[in-house]
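For reference, start.csv is printed below; it contains CSV, C-alpha atoms and all ligand atoms.
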```csv
chain,number,residue,atom,x,y,z
A,1497,MET,CA,11.9,-17.3,-13.7
A,1498,ILE,CA,14.0,-18.2,-10.6
A,1499,LEU,CA,14.8,-15.7,-7.9
A,1500,HIS,CA,18.1,-16.4,-6.0
A,1501,ASP,CA,17.1,-15.0,-2.7
A,1502,TYR,CA,18.0,-14.7,1.0
A,1503,TRP,CA,15.3,-13.8,3.5
A,1504,ARG,CA,17.4,-11.0,5.2
A,1505,SER,CA,18.7,-9.4,2.0
A,1506,SER,CA,17.2,-6.0,1.5
A,1507,ALA,CA,18.3,-5.9,-2.1
A,1508,ALA,CA,16.4,-9.2,-2.7
A,1509,PHE,CA,13.5,-7.8,-0.7
A,1510,ARG,CA,13.2,-5.0,-3.3
A,1511,VAL,CA,13.0,-7.5,-6.1
A,1512,ARG,CA,10.4,-9.6,-4.2
A,1513,ILE,CA,8.2,-6.5,-3.8
A,1514,ALA,CA,8.5,-5.6,-7.5
A,1515,LEU,CA,7.7,-9.2,-8.6
A,1516,ALA,CA,4.7,-9.2,-6.3
A,1517,LEU,CA,3.4,-5.8,-7.5
A,1518,LYS,CA,3.7,-7.1,-11.1
A,1519,GLY,CA,1.9,-10.3,-10.2
A,1520,ILE,CA,4.9,-12.5,-11.1
A,1521,GLU,CA,5.5,-15.7,-9.0
A,1522,PRO,CA,9.0,-17.0,-9.8
A,1523,GLY,CA,10.6,-20.1,-8.5
A,1524,ARG,CA,12.9,-19.4,-5.5
A,1525,ARG,CA,16.3,-20.6,-4.5
A,1526,THR,CA,17.9,-19.8,-1.2
A,1527,VAL,CA,21.5,-18.5,-1.2
A,1528,HIS,CA,22.4,-18.7,2.4
A,1529,LEU,CA,24.6,-15.7,2.9
A,1530,ARG,CA,25.7,-16.5,6.5
A,1531,LYS,CA,26.9,-19.9,5.3
A,1532,GLY,CA,28.8,-18.3,2.4
A,1533,GLU,CA,26.7,-19.9,-0.4
A,1534,GLN,CA,27.0,-16.7,-2.5
A,1535,ARG,CA,30.7,-17.7,-2.9
A,1536,ALA,CA,30.0,-21.3,-4.1
A,1537,PRO,CA,31.6,-21.9,-7.5
A,1538,GLY,CA,28.3,-22.7,-9.1
A,1539,TYR,CA,26.8,-19.4,-8.0
A,1540,LEU,CA,29.9,-17.3,-8.9
A,1541,ALA,CA,29.9,-18.8,-12.3
A,1542,LYS,CA,26.6,-17.1,-12.9
A,1543,ASN,CA,27.1,-14.1,-10.8
A,1544,PRO,CA,30.8,-13.3,-10.2
A,1545,GLN,CA,29.9,-10.5,-7.8
A,1546,GLY,CA,28.7,-13.1,-5.3
A,1547,LEU,CA,25.6,-11.1,-4.2
A,1548,VAL,CA,21.9,-11.7,-4.1
A,1549,PRO,CA,19.5,-11.1,-5.7
A,1550,MET,CA,19.9,-12.8,-9.1
A,1551,LEU,CA,17.0,-13.5,-11.3
A,1552,GLU,CA,17.2,-16.1,-13.9
A,1553,ASP,CA,14.8,-15.8,-16.8
A,1554,GLY,CA,15.4,-18.5,-19.3
A,1555,ALA,CA,19.0,-18.3,-20.3
A,1556,LEU,CA,19.4,-14.8,-18.7
A,1557,ALA,CA,21.1,-14.4,-15.3
A,1558,LEU,CA,20.1,-10.9,-14.3
A,1559,THR,CA,21.9,-9.2,-11.4
A,1560,GLN,CA,21.7,-5.9,-9.5
A,1561,SER,CA,18.3,-5.3,-8.0
A,1562,LEU,CA,17.6,-2.1,-9.8
A,1563,ALA,CA,18.6,-3.5,-13.1
A,1564,ILE,CA,16.4,-6.5,-12.4
A,1565,ILE,CA,13.4,-4.3,-11.5
A,1566,GLU,CA,13.9,-2.1,-14.6
A,1567,TYR,CA,14.0,-5.3,-16.7
A,1568,LEU,CA,10.7,-6.4,-15.0
A,1569,GLU,CA,9.3,-2.9,-15.7
A,1570,GLU,CA,10.1,-3.2,-19.4
A,1571,THR,CA,8.9,-6.8,-19.8
A,1572,HIS,CA,5.8,-6.4,-17.6
A,1573,PRO,CA,4.8,-2.7,-17.9
A,1574,LEU,CA,1.7,-3.0,-15.7
A,1575,PRO,CA,1.3,-1.8,-13.1
A,1576,PRO,CA,4.0,0.8,-13.8
A,1577,LEU,CA,6.7,1.3,-11.1
A,1578,LEU,CA,7.9,4.5,-12.8
A,1579,PRO,CA,5.7,7.5,-13.6
A,1580,ALA,CA,5.2,8.6,-17.2
A,1581,ALA,CA,6.8,12.1,-17.2
A,1582,PRO,CA,10.6,12.3,-17.4
A,1583,ALA,CA,11.0,14.7,-14.5
A,1584,GLU,CA,8.8,12.5,-12.3
A,1585,ARG,CA,10.7,9.4,-13.3
A,1586,ALA,CA,14.0,11.2,-12.4
A,1587,TRP,CA,12.6,12.0,-9.0
A,1588,VAL,CA,11.4,8.4,-8.3
A,1589,ARG,CA,14.8,7.1,-9.4
A,1590,ALA,CA,16.6,9.6,-7.3
A,1591,VAL,CA,14.8,8.3,-4.1
A,1592,ALA,CA,15.6,4.7,-5.2
A,1593,LEU,CA,19.2,5.5,-5.8
A,1594,ALA,CA,19.6,7.5,-2.6
A,1595,VAL,CA,18.8,4.2,-0.8
A,1596,ALA,CA,20.4,1.7,-3.2
A,1597,CYS,CA,23.7,3.6,-3.9
A,1598,ASP,CA,24.2,5.9,-0.9
A,1599,ILE,CA,22.8,4.1,2.1
A,1600,HIS,CA,22.6,0.3,1.5
A,1601,PRO,CA,26.2,-0.4,0.2
A,1602,LEU,CA,27.8,1.0,3.3
A,1603,ASN,CA,25.7,-1.3,5.5
A,1604,ASN,CA,25.7,-4.6,3.7
A,1605,LEU,CA,27.0,-7.8,5.1
A,1606,ARG,CA,30.5,-7.8,3.5
A,1607,VAL,CA,31.1,-4.2,4.6
A,1608,LEU,CA,30.1,-5.0,8.2
A,1609,ASN,CA,32.2,-8.1,8.2
A,1610,TYR,CA,35.2,-6.1,7.0
A,1611,LEU,CA,34.7,-3.6,9.7
A,1612,THR,CA,34.7,-6.2,12.5
A,1613,GLY,CA,36.8,-8.9,10.9
A,1614,THR,CA,39.6,-6.9,9.2
A,1615,LEU,CA,39.6,-3.5,10.9
A,1616,GLY,CA,38.7,-4.9,14.3
A,1617,VAL,CA,36.0,-2.5,15.2
A,1618,THR,CA,33.7,-3.5,18.1
A,1619,GLU,CA,30.1,-4.5,17.5
A,1620,VAL,CA,29.1,-1.2,19.2
A,1621,GLN,CA,31.2,0.8,16.8
A,1622,ARG,CA,29.9,-1.3,13.8
A,1623,ASP,CA,26.3,-0.6,14.9
A,1624,GLY,CA,27.1,3.1,15.2
A,1625,TRP,CA,28.5,3.1,11.7
A,1626,TYR,CA,25.3,1.4,10.5
A,1627,ARG,CA,23.1,3.9,12.2
A,1628,TYR,CA,25.2,6.9,11.0
A,1629,TRP,CA,24.8,6.2,7.3
A,1630,ILE,CA,21.1,5.5,7.7
A,1631,ASP,CA,20.5,8.7,9.6
A,1632,LEU,CA,22.4,10.7,7.1
A,1633,GLY,CA,20.4,9.3,4.2
A,1634,PHE,CA,17.0,9.4,5.9
A,1635,GLU,CA,17.5,13.0,7.1
A,1636,ALA,CA,17.8,14.1,3.5
A,1637,LEU,CA,15.1,11.9,2.2
A,1638,GLU,CA,12.7,13.1,4.9
A,1639,ARG,CA,13.4,16.7,4.1
A,1640,ARG,CA,12.6,16.1,0.4
A,1641,LEU,CA,9.7,13.8,0.8
A,1642,SER,CA,8.0,16.0,3.4
A,1643,THR,CA,8.2,19.1,1.1
A,1644,GLU,CA,7.8,17.6,-2.4
A,1645,ARG,CA,4.4,18.4,-3.8
A,1646,ALA,CA,4.1,15.1,-5.5
A,1647,THR,CA,4.5,13.1,-2.3
A,1648,GLY,CA,1.2,11.3,-1.7
A,1649,ARG,CA,0.2,8.2,0.1
A,1650,TYR,CA,3.5,6.8,-1.2
A,1651,CYS,CA,6.8,8.4,-2.2
A,1652,HIS,CA,5.3,9.7,-5.4
A,1653,GLY,CA,1.6,10.0,-5.6
A,1654,ASP,CA,-0.9,7.4,-4.6
A,1655,ALA,CA,0.5,4.3,-6.3
A,1656,PRO,CA,3.6,2.5,-5.2
A,1657,THR,CA,6.7,3.1,-7.3
A,1658,LEU,CA,10.4,2.1,-7.5
A,1659,ALA,CA,11.0,4.6,-4.7
A,1660,ASP,CA,8.8,2.8,-2.3
A,1661,VAL,CA,10.2,-0.6,-3.4
A,1662,CYS,CA,13.7,0.6,-2.2
A,1663,LEU,CA,12.6,2.6,0.8
A,1664,VAL,CA,10.6,-0.1,2.6
A,1665,PRO,CA,13.5,-2.6,2.9
A,1666,GLN,CA,15.8,0.1,4.1
A,1667,VAL,CA,13.3,1.1,6.8
A,1668,ALA,CA,13.1,-2.6,7.8
A,1669,ASN,CA,16.9,-2.6,8.1
A,1670,ALA,CA,16.9,0.5,10.1
A,1671,ARG,CA,14.5,-0.9,12.6
A,1672,ARG,CA,16.5,-4.1,12.8
A,1673,PHE,CA,19.5,-2.1,13.9
A,1674,ASN,CA,17.4,-0.1,16.4
A,1675,VAL,CA,17.6,3.2,14.5
A,1676,ASP,CA,15.2,5.7,16.0
A,1677,VAL,CA,12.9,6.4,13.0
A,1678,ALA,CA,10.7,8.9,14.9
A,1679,PRO,CA,12.6,11.9,13.4
A,1680,TYR,CA,11.4,10.7,9.9
A,1681,PRO,CA,7.6,10.8,10.1
A,1682,THR,CA,7.0,11.0,6.4
A,1683,ILE,CA,9.2,8.0,5.8
A,1684,VAL,CA,7.4,6.1,8.6
A,1685,ARG,CA,4.0,7.1,7.3
A,1686,ILE,CA,4.9,5.9,3.7
A,1687,ASP,CA,6.4,2.7,5.1
A,1688,ALA,CA,3.1,2.0,7.0
A,1689,ALA,CA,1.0,2.7,3.9
A,1690,CYS,CA,3.2,0.3,1.8
A,1691,ASN,CA,3.0,-2.4,4.3
A,1692,GLU,CA,-0.8,-2.4,4.1
A,1693,LEU,CA,-0.3,-3.8,0.6
A,1694,ALA,CA,0.2,-7.6,0.4
A,1695,ALA,CA,3.0,-7.1,-2.2
A,1696,PHE,CA,5.1,-5.4,0.4
A,1697,ALA,CA,4.0,-7.2,3.6
A,1698,ASP,CA,4.4,-10.7,2.0
A,1699,ALA,CA,7.9,-9.8,0.8
A,1700,ALA,CA,9.1,-9.0,4.3
A,1701,PRO,CA,12.1,-11.0,5.6
A,1702,SER,CA,10.1,-12.7,8.3
A,1703,LYS,CA,7.6,-14.1,5.8
A,1704,GLN,CA,10.2,-15.9,3.7
A,1705,PRO,CA,10.4,-19.7,3.7
A,1706,ASP,CA,14.1,-19.6,4.8
A,1707,ALA,CA,13.5,-17.1,7.6
A,1708,GLU,CA,15.3,-18.1,10.8
A,1801,LIG,N1,23.8,-3.3,-5.5
A,1801,LIG,C1,23.4,-4.7,-5.3
A,1801,LIG,C2,23.6,-5.0,-3.8
A,1801,LIG,C3,23.4,-6.5,-3.6
A,1801,LIG,C4,23.9,-6.8,-2.2
A,1801,LIG,O1,24.6,-6.1,-1.5
A,1801,LIG,N2,23.4,-8.0,-1.7
A,1801,LIG,C5,23.8,-8.4,-0.4
A,1801,LIG,C6,22.6,-8.7,0.4
A,1801,LIG,S1,21.6,-7.3,0.7
A,1801,LIG,C7,24.7,-9.6,-0.5
A,1801,LIG,O2,24.4,-10.5,-1.3
A,1801,LIG,N3,25.7,-9.7,0.3
A,1801,LIG,C8,26.5,-10.9,0.3
A,1801,LIG,C9,27.8,-10.6,1.0
A,1801,LIG,O3,27.9,-9.5,1.6
A,1801,LIG,O4,28.7,-11.5,1.1
A,1801,LIG,C10,21.9,-4.8,-5.7
A,1801,LIG,O5,21.2,-3.8,-5.6
A,1801,LIG,O6,21.5,-5.9,-6.1
```
Translate the structure described by the file into structure tokens.
Ligand SMILES: N[C@@H](CCC(=O)N[C@@H](CS)C(=O)NCC(=O)O)C(=O)O
Amino acid sequence: MILHDYWRSSAAFRVRIALALKGIEPGRRTVHLRKGEQRAPGYLAKNPQGLVPMLEDGALALTQSLAIIEYLEETHPLPPLLPAAPAERAWVRAVALAVACDIHPLNNLRVLNYLTGTLGVTEVQRDGWYRYWIDLGFEALERRLSTERATGRYCHGDAPTLADVCLVPQVANARRFNVDVAPYPTIVRIDAACNELAAFADAAPSKQPDAE
């Protein structure tokens, strides 16, 4: 397996965590997003979306972090990243999708570049945009996670799941953009618990070989 990765990508960060939790050590290729390597013809030929992560497994070129993680879940079932019961799986997926579909896409590099480059917003306005969408998403997640009976040491129970795999990179992003995370004590507590695990801590952006 080869993971096409970039140290600062939070979508790639999710896949790095999932691979580590599953005990898989893929090869790694850096796709330097700031240098535009995601738009190089060779990369676009395999992934026309021009995004990381991409995971190659033999002849397969898998894209979209959640699809990649579900592929890993199905090919390497242990340890499971989804609970057994359908209702619990739906909840774990709901947390993951709240991050991956409703927060992260509004804050990724190409959106931020469009705001400043095409729409001409200032960096202060851009950072305000970033924080607005994180706060909106985290407020709702905090309310659910703090009241859900199944919340444990992690988002769901006492073993990490897909929900944590998505939440931790988003918390790292929030901190990078100076979002005040104090109003989200459950999220902060879960993030800290996850980061005690090597699979999460070693997948952090600052630990990657291409970190600048
Ligand atoms: N929904 C995609 C999102 C992937 C994505 O947005 N990747 C970002 C980095 S976190 C990227 O490659 N950005 C390149 C760009 O904006 O040009 C996934 O979950 O894999």
### Task
Grab me every residue within 7 Å of ligand LIG 1801 (chain A), counting all atoms listed in the file, and send it over as a PyMOL selection string.
chain A and resi 1505-1508+1529+1532+1534+1546-1549+1559-1562+1596+1601+1604-1607
### Glu1533 of chain A environment, 12 Å, all atoms listed in the file, sequence neighbours closer than 4 positions dropped, as number ranges by chain
A: 1500-1502, 1525-1529, 1537-1540, 1543, 1546-1548
#### Entry: Selected residue, from A:Ala1699, A:Leu1658, A:Val1664, A:Val1511, that lies nearest to Leu1593 of chain A when counting all atoms listed in the file
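Selected residue with least distance to Leu1593 of chain A: A:Leu1658.
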### Task
To one decimal in Å, tell me the separation between atom CA of Glu1521 of chain A and atom CA of Cys1690 of chain A.
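Atom-to-atom, atom CA of Glu1521 of chain A to atom CA of Cys1690 of chain A, that is 19.4 Å.
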### Task
Would you mind listing what lies within 10 Å of Ala1594 of chain A as number ranges by chain, with all atoms listed in the file counted and same-chain residues fewer than 2 positions away left out?
A: 1589-1592, 1596-1600, 1633-1634, 1636-1637, 1659, 1662-1663
#### Entry: For segment 1667-1670 of chain A: contacts at 8 Å, all atoms listed in the file, fewer than 4 positions along chain excluded, given as a PyMOL selection string
chain A and resi 1506+1627+1630+1663+1674-1675+1677+1684+1687
### Query
Which residue out of A:Asp1623, A:Arg1512, A:Ala1689, A:Asp1698 has the minimum interatomic distance to Arg1672 of chain A when all atoms listed in the file are used?
A:Asp1623
### Task
Pick out the residues sitting within 9 Å of Pro1656 of chain A, and hand them over as a list in words; count all atoms listed in the file, and ignore anything fewer than 2 positions along from it in its own chain.
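Non-adjacent residues within range: Leu1517, Pro1576, Leu1577, Leu1578, Arg1649, Tyr1650, Cys1651, His1652, Gly1653, Asp1654, Leu1658, Ala1659, Asp1660, Val1661 and Cys1690 of chain A.
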Restricting it to C-alpha atoms, dump the selection as a PDB file, in the frame of the given file.
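part-v5.pdb, written as the output of this step:
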```
ATOM      1  CA  LEU A1517       3.400  -5.800  -7.500  1.00  0.00           C
ATOM      2  CA  PRO A1576       4.000   0.800 -13.800  1.00  0.00           C
ATOM      3  CA  LEU A1577       6.700   1.300 -11.100  1.00  0.00           C
ATOM      4  CA  LEU A1578       7.900   4.500 -12.800  1.00  0.00           C
ATOM      5  CA  ARG A1649       0.200   8.200   0.100  1.00  0.00           C
ATOM      6  CA  TYR A1650       3.500   6.800  -1.200  1.00  0.00           C
ATOM      7  CA  CYS A1651       6.800   8.400  -2.200  1.00  0.00           C
ATOM      8  CA  HIS A1652       5.300   9.700  -5.400  1.00  0.00           C
ATOM      9  CA  GLY A1653       1.600  10.000  -5.600  1.00  0.00           C
ATOM     10  CA  ASP A1654      -0.900   7.400  -4.600  1.00  0.00           C
ATOM     11  CA  LEU A1658      10.400   2.100  -7.500  1.00  0.00           C
ATOM     12  CA  ALA A1659      11.000   4.600  -4.700  1.00  0.00           C
ATOM     13  CA  ASP A1660       8.800   2.800  -2.300  1.00  0.00           C
ATOM     14  CA  VAL A1661      10.200  -0.600  -3.400  1.00  0.00           C
ATOM     15  CA  CYS A1690       3.200   0.300   1.800  1.00  0.00           C
TER      16      CYS A1690
END
```
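The nearest approach to Leu1641 of chain A among the residues A:Trp1587, A:Phe1673, A:Tyr1610, A:Tyr1626, with only C-alpha atoms taken into account, belongs to A:Trp1587.
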### Query
What does the distance between atom CA of Gln1666 of chain A and atom CA of Ala1536 of chain A come to in Å, to one decimal place?
27.0 Å
#### Entry: Pick from A:Lys1518, A:Thr1643, A:Glu1570, A:Ile1513 nearest to Phe1696 of chain A, counting all atoms listed in the file
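Ranking A:Lys1518, A:Thr1643, A:Glu1570, A:Ile1513 by distance to Phe1696 of chain A, first place goes to A:Ile1513.
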### Length of the atom CA of Ala1707 of chain A to atom CA of Thr1682 of chain A vector [Å]
28.9 Å
### Nearest candidate to Leu1602 of chain A (options A:Tyr1628, A:Ala1557, A:Pro1582, A:Gly1616; using all atoms listed in the file)
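Selected residue with least distance to Leu1602 of chain A: A:Tyr1628.
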